[in-house]
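Peer 1: Quick one, run23.cif (mmCIF, C-alpha atoms):
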```
data_start
loop_
_atom_site.label_atom_id
_atom_site.label_comp_id
_atom_site.auth_asym_id
_atom_site.auth_seq_id
_atom_site.Cartn_x
_atom_site.Cartn_y
_atom_site.Cartn_z
CA PRO L 19 -15.07 -26.16 5.60
CA ILE L 20 -18.60 -25.25 6.71
CA ARG L 21 -17.91 -21.56 6.23
CA SER L 22 -16.51 -22.30 2.77
CA ALA L 23 -19.59 -24.33 1.82
CA LEU L 24 -21.93 -21.60 3.03
CA ARG L 25 -19.96 -19.01 1.06
CA GLN L 26 -20.28 -21.13 -2.09
CA LEU L 27 -24.02 -21.49 -1.50
CA GLU L 28 -24.38 -17.76 -0.98
CA GLN L 29 -22.51 -17.02 -4.20
CA SER L 30 -24.60 -19.55 -6.13
CA LEU L 31 -27.85 -18.00 -4.91
CA SER L 32 -26.72 -14.48 -5.79
CA ALA L 33 -25.09 -15.34 -9.11
CA GLY L 34 -28.20 -14.43 -11.07
CA GLU L 35 -28.70 -11.09 -9.36
CA THR L 36 -27.96 -7.95 -11.32
CA PHE L 37 -25.83 -5.19 -9.88
CA ASP L 38 -26.65 -1.56 -10.55
CA PRO L 39 -23.84 0.68 -9.24
CA GLY L 40 -25.99 3.79 -9.41
CA GLU L 41 -28.66 2.28 -7.14
CA SER L 42 -26.46 0.21 -4.81
CA ARG L 43 -26.26 1.01 -1.10
CA GLN L 44 -23.68 -1.63 -0.27
CA ARG L 45 -20.72 -1.06 2.05
CA PHE L 46 -17.35 -2.66 1.42
CA CYS L 47 -14.65 -3.24 4.03
CA ILE L 48 -11.11 -2.86 2.69
CA ALA L 49 -7.76 -3.25 4.48
CA VAL L 50 -4.93 -0.95 3.35
CA THR L 51 -1.85 0.82 4.72
CA ASP L 52 -1.99 4.57 5.29
CA TYR L 53 0.21 5.01 2.21
CA VAL L 54 -2.15 3.09 -0.08
CA GLU L 55 -5.16 4.85 1.44
CA LEU L 56 -3.67 8.22 0.54
CA VAL L 57 -2.68 7.18 -3.00
CA CYS L 58 -5.84 5.26 -3.90
CA MET L 59 -8.87 6.35 -1.94
CA PRO L 60 -9.31 10.01 -2.98
CA ARG L 61 -9.37 8.96 -6.64
CA LEU L 62 -11.59 5.97 -5.94
CA LEU L 63 -14.07 8.08 -3.99
CA ASP L 64 -14.18 10.56 -6.85
CA ARG L 65 -15.07 7.75 -9.25
CA LEU L 66 -17.70 6.36 -6.86
CA SER L 67 -19.32 9.77 -6.39
CA GLN L 68 -19.98 9.84 -10.13
CA LYS L 69 -20.90 6.21 -10.74
CA ALA L 70 -22.11 4.81 -7.42
CA PRO L 71 -22.86 7.59 -4.92
CA GLY L 72 -24.63 5.23 -2.52
CA ILE L 73 -21.72 2.82 -2.04
CA GLY L 74 -19.84 3.13 1.27
CA ILE L 75 -16.25 2.21 2.10
CA ASP L 76 -14.95 1.13 5.52
CA ILE L 77 -11.15 1.12 5.85
CA ARG L 78 -9.23 -1.18 8.18
CA HIS L 79 -5.50 -1.06 8.94
CA LEU L 80 -3.52 -3.64 6.96
CA SER L 81 -0.92 -5.67 8.83
CA PRO L 82 2.24 -6.89 7.01
CA SER L 83 0.81 -10.38 6.50
CA LEU L 84 -2.29 -11.18 4.46
CA PRO L 85 -5.33 -11.16 6.83
CA MET L 86 -6.58 -14.53 5.59
CA GLU L 87 -8.95 -15.25 8.48
CA ALA L 88 -10.74 -11.91 8.10
CA LEU L 89 -11.18 -12.53 4.37
CA ASP L 90 -12.39 -16.09 5.00
CA LYS L 91 -14.95 -14.90 7.55
CA GLY L 92 -16.19 -12.09 5.33
CA GLU L 93 -15.02 -9.43 7.81
CA LEU L 94 -12.97 -7.98 4.93
CA ASP L 95 -14.14 -7.82 1.33
CA LEU L 96 -10.68 -7.25 -0.09
CA VAL L 97 -7.19 -6.06 0.77
CA LEU L 98 -4.82 -3.89 -1.20
CA GLY L 99 -1.12 -4.20 -0.50
CA ARG L 100 2.17 -6.00 -1.02
CA PHE L 101 2.33 -9.71 -0.17
CA ASP L 102 5.02 -12.32 -0.69
CA GLU L 103 2.82 -15.42 -0.70
CA ILE L 104 -0.91 -15.70 -1.38
CA PRO L 105 -2.70 -19.08 -0.96
CA ALA L 106 -4.62 -20.48 -3.92
CA ARG L 107 -8.02 -19.86 -2.32
CA PHE L 108 -7.54 -16.13 -2.90
CA ALA L 109 -7.85 -14.23 -6.19
CA ARG L 110 -5.23 -11.60 -6.93
CA ARG L 111 -5.08 -8.67 -9.34
CA HIS L 112 -2.03 -6.54 -10.03
CA TRP L 113 -2.76 -2.97 -8.98
CA MET L 114 0.42 -0.91 -9.22
CA SER L 115 4.20 -1.24 -9.35
CA GLU L 116 6.16 1.17 -7.17
CA THR L 117 9.73 2.34 -6.73
CA LEU L 118 11.50 4.05 -3.85
CA LYS L 119 12.97 7.52 -3.31
CA LEU L 120 15.14 9.03 -0.60
CA ALA L 121 13.37 11.96 1.08
CA ALA L 122 15.08 14.70 3.10
CA ARG L 123 14.30 18.23 4.17
CA ASN L 124 15.26 20.93 1.66
CA ASP L 125 18.23 22.31 3.60
CA HIS L 126 19.69 19.01 4.76
CA PRO L 127 23.42 19.59 5.42
CA LEU L 128 24.56 16.31 3.84
CA LEU L 129 22.33 16.43 0.78
CA GLN L 130 23.20 19.30 -1.50
CA ALA L 131 23.47 16.92 -4.46
CA GLN L 132 22.63 13.35 -5.46
CA PRO L 133 24.16 11.16 -2.71
CA ASP L 134 26.54 8.31 -3.34
CA LEU L 135 26.50 5.14 -1.26
CA THR L 136 29.02 6.51 1.23
CA THR L 137 26.84 9.56 1.89
CA PHE L 138 23.73 7.40 2.13
CA LEU L 139 25.34 5.33 4.87
CA ARG L 140 26.35 8.49 6.77
CA LEU L 141 22.75 9.69 6.95
CA ARG L 142 20.56 9.29 10.01
CA HIS L 143 17.55 7.28 8.83
CA LEU L 144 13.90 6.93 9.71
CA TRP L 145 12.45 3.55 8.74
CA VAL L 146 8.76 2.88 8.13
CA HIS L 147 8.60 -0.76 9.15
CA GLY L 148 4.92 -1.54 8.74
CA GLY L 149 5.43 -4.50 11.10
CA GLN L 150 8.21 -6.00 8.99
CA THR L 151 11.54 -7.10 10.44
CA ARG L 152 13.55 -6.02 7.39
CA GLY L 153 12.76 -3.89 4.36
CA MET L 154 14.04 -3.92 0.78
CA VAL L 155 16.79 -1.38 1.45
CA ASP L 156 18.22 -3.16 4.48
CA GLN L 157 17.98 -6.51 2.77
CA TRP L 158 20.10 -5.18 -0.11
CA LEU L 159 22.59 -3.54 2.24
CA GLY L 160 22.88 -6.73 4.26
CA GLU L 161 23.69 -8.71 1.11
CA GLN L 162 26.60 -6.30 0.54
CA GLY L 163 27.80 -6.62 4.12
CA LEU L 164 26.64 -3.08 4.88
CA SER L 165 24.15 -1.44 7.24
CA ARG L 166 22.69 2.02 7.76
CA GLN L 167 22.02 4.02 10.92
CA ILE L 168 18.31 3.79 11.75
CA LEU L 169 17.49 6.11 14.63
CA TYR L 170 13.70 6.17 14.41
CA THR L 171 11.12 3.59 13.36
CA THR L 172 7.40 4.06 12.81
CA PRO L 173 4.57 2.03 11.26
CA ASN L 174 3.12 5.13 9.57
CA TYR L 175 4.16 6.60 6.23
CA LEU L 176 2.23 9.84 6.64
CA GLN L 177 3.85 10.79 9.94
CA ALA L 178 7.23 9.81 8.51
CA ALA L 179 7.10 12.50 5.83
CA HIS L 180 6.30 15.21 8.41
CA ILE L 181 9.07 14.06 10.75
CA VAL L 182 11.62 14.09 7.92
CA ALA L 183 10.54 17.60 6.89
CA GLY L 184 11.20 18.89 10.41
CA SER L 185 14.42 17.08 11.31
CA GLU L 186 17.75 15.86 9.95
CA LEU L 187 16.40 12.34 9.58
CA THR L 188 15.93 10.97 6.06
CA ALA L 189 13.54 8.27 4.89
CA VAL L 190 13.15 5.95 1.94
CA LEU L 191 9.54 6.29 0.80
CA PRO L 192 7.38 4.98 -2.06
CA THR L 193 7.75 7.34 -5.01
CA ALA L 194 4.06 8.26 -5.39
CA LEU L 195 3.80 9.13 -1.69
CA ALA L 196 7.10 11.04 -1.67
CA ARG L 197 6.12 13.14 -4.68
CA HIS L 198 2.76 13.94 -3.09
CA PHE L 199 4.43 15.31 0.02
CA THR L 200 6.91 17.47 -1.89
CA THR L 201 3.89 19.61 -2.85
CA LEU L 202 2.93 20.04 0.82
CA LEU L 203 6.18 19.98 2.80
CA PRO L 204 9.72 21.35 2.37
CA LEU L 205 11.09 18.05 1.08
CA GLN L 206 13.55 17.11 -1.65
CA LEU L 207 13.82 13.70 -3.30
CA PHE L 208 16.81 11.73 -4.52
CA ASP L 209 17.33 8.46 -6.35
CA LEU L 210 18.79 5.70 -4.21
CA PRO L 211 22.55 5.24 -4.81
CA PHE L 212 21.96 1.58 -5.69
CA THR L 213 19.48 -0.28 -7.84
CA LEU L 214 16.41 -1.91 -6.35
CA GLY L 215 13.68 -3.42 -8.46
CA PRO L 216 10.09 -2.24 -8.11
CA PHE L 217 7.69 -3.74 -5.63
CA HIS L 218 4.15 -4.68 -6.60
CA LEU L 219 0.82 -3.95 -4.96
CA GLU L 220 -2.11 -6.30 -5.48
CA VAL L 221 -5.84 -6.44 -4.88
CA VAL L 222 -6.65 -9.69 -3.04
CA SER L 223 -10.07 -11.21 -2.33
CA LEU L 224 -11.58 -14.66 -1.85
CA ALA L 225 -11.57 -16.60 -5.12
CA GLN L 226 -15.06 -17.84 -4.24
CA ARG L 227 -16.33 -14.28 -4.58
CA GLN L 228 -15.40 -13.94 -8.22
CA ARG L 229 -19.10 -14.35 -9.02
CA ASP L 230 -19.98 -11.48 -6.68
CA ALA L 231 -20.88 -8.82 -9.28
CA ALA L 232 -20.72 -5.91 -6.84
CA LEU L 233 -17.29 -6.82 -5.49
CA GLN L 234 -15.87 -7.47 -8.95
CA TRP L 235 -17.18 -4.10 -10.13
CA LEU L 236 -15.43 -2.40 -7.20
CA ILE L 237 -12.17 -4.24 -7.96
CA GLU L 238 -12.32 -3.01 -11.55
CA GLU L 239 -12.77 0.56 -10.32
CA ILE L 240 -9.76 0.20 -8.00
CA VAL L 241 -7.64 -1.16 -10.87
CA ALA L 242 -8.77 1.74 -13.06
CA VAL L 243 -7.53 4.21 -10.42
CA ALA L 244 -3.96 2.96 -10.87
CA GLU L 245 -4.26 3.11 -14.65
#
```
Starting from the file, give its structure as structure tokens.
Peer 2:
Amino acid sequence: PIRSALRQLEQSLSAGETFDPGESRQRFCIAVTDYVELVCMPRLLDRLSQKAPGIGIDIRHLSPSLPMEALDKGELDLVLGRFDEIPARFARRHWMSETLKLAARNDHPLLQAQPDLTTFLRLRHLWVHGGQTRGMVDQWLGEQGLSRQILYTTPNYLQAAHIVAGSELTAVLPTALARHFTTLLPLQLFDLPFTLGPFHLEVVSLAQRQRDAALQWLIEEIVAVAE
């Protein structure tokens, strides 16, 4: 409660201040996964270099759950990711909706054409868990009374793409990330042989900081990257 009151006082005192992106030397601390960092940050940095060259960004690794304490304490300015539940004391903005693709090396012996469900279940899978106990694919399979063969797990999307390109393992990856790596690695992409809805990424910050002109400007720039 004391921290909350001090935050409100701080926001009230700074509410009348003007924010000039071109002159700002502020640093913002943002928590993201390696996947979101790759998709978002190069474009964001390009925008900042033109509009706010003095602004700095510090990236922290994002765990599967919302880092509420770090946001409350001001250790994080915002987070960008996928969350199931967000308490009312946090403000949220939709950033991007994503789908999934199956990635495999170009000469994979079982994937000469679009796989059906039977082929999908025969594959040897790599799973990027990100600290979760069960992902969207395995949740759907479980509801059908099915399971796949997961031989390798990792918390990192970027390493996953390289491992898939150099082995017979396959991986289900976010579409934007998968398409990026097809330009760099010998990978081919396939639609999943079942229908999963999109998942949604959001920008989350303390609701009390909605009067923070600098932070709100940065959030708008992040949203514009996805657009």
Peer 1: Out of L:Gly184, L:Gly160, L:Pro192, L:Pro60, which residue has the shortest atom-to-atom distance to Ile75 (chain L) when counting all atoms listed in the file?
Peer 2: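 Looking at the shortest contact to Ile75 (chain L), the residue is L:Pro60.
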Peer 1: I'd like to see the residues matched by the PyMOL selection byres ((chain L and resi 69) around 12) on this file, and ideally I'd get them as a ChimeraX atom specification.
Peer 2: /L:38-42,62-68,70-73,235-236,239
Peer 1: Taking all atoms listed in the file into account, which of L:Leu224, L:Ala242, L:Leu203, L:Ala121 comes nearest Ala189 (chain L)?
Peer 2: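 For Ala189 (chain L), the nearest of the candidates is L:Ala121.
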Peer 1: Apply the PyMOL selection byres ((chain L and resi 89-98) around 9) to the structure shown and report the selected residues as a compact mmCIF listing (two decimals) with C-alpha atoms, in the frame of the given file.
Peer 2:
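expr_23.txt was written with the following content:
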```txt
# COMPACT_ATOMS: atom_id res chain seq x y z
CA ARG L 21 -17.91 -21.56 6.23
CA SER L 22 -16.51 -22.30 2.77
CA ARG L 25 -19.96 -19.01 1.06
CA PHE L 46 -17.35 -2.66 1.42
CA CYS L 47 -14.65 -3.24 4.03
CA ILE L 48 -11.11 -2.86 2.69
CA ALA L 49 -7.76 -3.25 4.48
CA VAL L 50 -4.93 -0.95 3.35
CA THR L 51 -1.85 0.82 4.72
CA VAL L 54 -2.15 3.09 -0.08
CA ARG L 78 -9.23 -1.18 8.18
CA LEU L 80 -3.52 -3.64 6.96
CA LEU L 84 -2.29 -11.18 4.46
CA PRO L 85 -5.33 -11.16 6.83
CA MET L 86 -6.58 -14.53 5.59
CA GLU L 87 -8.95 -15.25 8.48
CA ALA L 88 -10.74 -11.91 8.10
CA GLY L 99 -1.12 -4.20 -0.50
CA ARG L 100 2.17 -6.00 -1.02
CA PHE L 108 -7.54 -16.13 -2.90
CA TRP L 113 -2.76 -2.97 -8.98
CA LEU L 219 0.82 -3.95 -4.96
CA GLU L 220 -2.11 -6.30 -5.48
CA VAL L 221 -5.84 -6.44 -4.88
CA VAL L 222 -6.65 -9.69 -3.04
CA SER L 223 -10.07 -11.21 -2.33
CA LEU L 224 -11.58 -14.66 -1.85
CA LEU L 233 -17.29 -6.82 -5.49
CA ILE L 237 -12.17 -4.24 -7.96
```
Peer 1: Of the candidates L:Val241, L:Cys58, L:Leu118, L:Ala106, which shows the shortest atom-to-atom distance to Ile77 (chain L), using only C-alpha atoms?
Peer 2: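 Between L:Val241, L:Cys58, L:Leu118, L:Ala106, the residue approaching Ile77 (chain L) most closely is L:Cys58.
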Peer 1: Any chance you could work out the residue set of the PyMOL selection byres ((chain L and resi 170) around 10) here, as number ranges by chain?
Peer 2: L: 142-146, 167-169, 171-172, 178, 181, 187-189
Peer 1: Please identify all polymer residues within 8 Å of Tyr175 (chain L), counting all atoms listed in the file, omitting same-chain residues fewer than 4 positions from it, and present them as a PyMOL selection string.
Peer 2: chain L and resi 52-53+146+179+191
Peer 1: Between CA of Val182 (chain L) and CA of Arg123 (chain L), what is the spacing in Å?
Peer 2: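 According to the coordinates, CA of Arg123 (chain L) and CA of Val182 (chain L) are separated by 6.2 Å.
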Peer 1: Which distance in Å separates CA of Arg140 (chain L) and CA of Arg166 (chain L), to one decimal?
Peer 2: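 Computing it gives 7.5 Å between the two atoms.
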Peer 1: In terms of the shortest atom-to-atom distance over only C-alpha atoms, which of L:Gln228, L:Thr36, L:Asn124, L:Ser165 is closest to Leu205 (chain L)?
Peer 2: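 Selected residue with least distance to Leu205 (chain L): L:Asn124.
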Peer 1: Could you tell me how far CA of Ala231 (chain L) sits from CA of Pro105 (chain L), in Å to one decimal place?
Peer 2: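 Spanning CA of Pro105 (chain L) to CA of Ala231 (chain L) is a straight-line distance of 22.5 Å.
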Peer 1: Return as AutoDock Vina command-line options the centre and edge lengths, in Å with one decimal, of the box along x, y and z that encloses every atom of region 43-62 of chain L in the file, padded by 5 Å per side.
Peer 2:
```
--center_x -13.0 --center_y 3.4 --center_z -0.7 --size_x 36.5 --size_y 23.3 --size_z 21.9
```
Peer 1: Which of these, L:Leu129, L:Ala244, L:Leu56, L:Leu159, has the shortest distance to Gln206 (chain L) once you count only C-alpha atoms?
Peer 2: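 Closest candidate: L:Leu129.
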Peer 1: Counting only C-alpha atoms, which residue out of L:Asp125, L:Gln234, L:Arg45, L:Leu214 sits closest to Gln157 (chain L)?
Peer 2: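 The answer is L:Leu214, which sits nearest to Gln157 (chain L).
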Peer 1: Take the point (10.7, -4.4, 1.9) in the file's coordinates, draw a sphere of radius 12 Å around it, and report as a ChimeraX atom specification every protein, DNA or RNA residue with an atom inside or on it, counting all atoms listed in the file.
Peer 2: /L:82,100-102,116-118,145-159,190-192,214-218
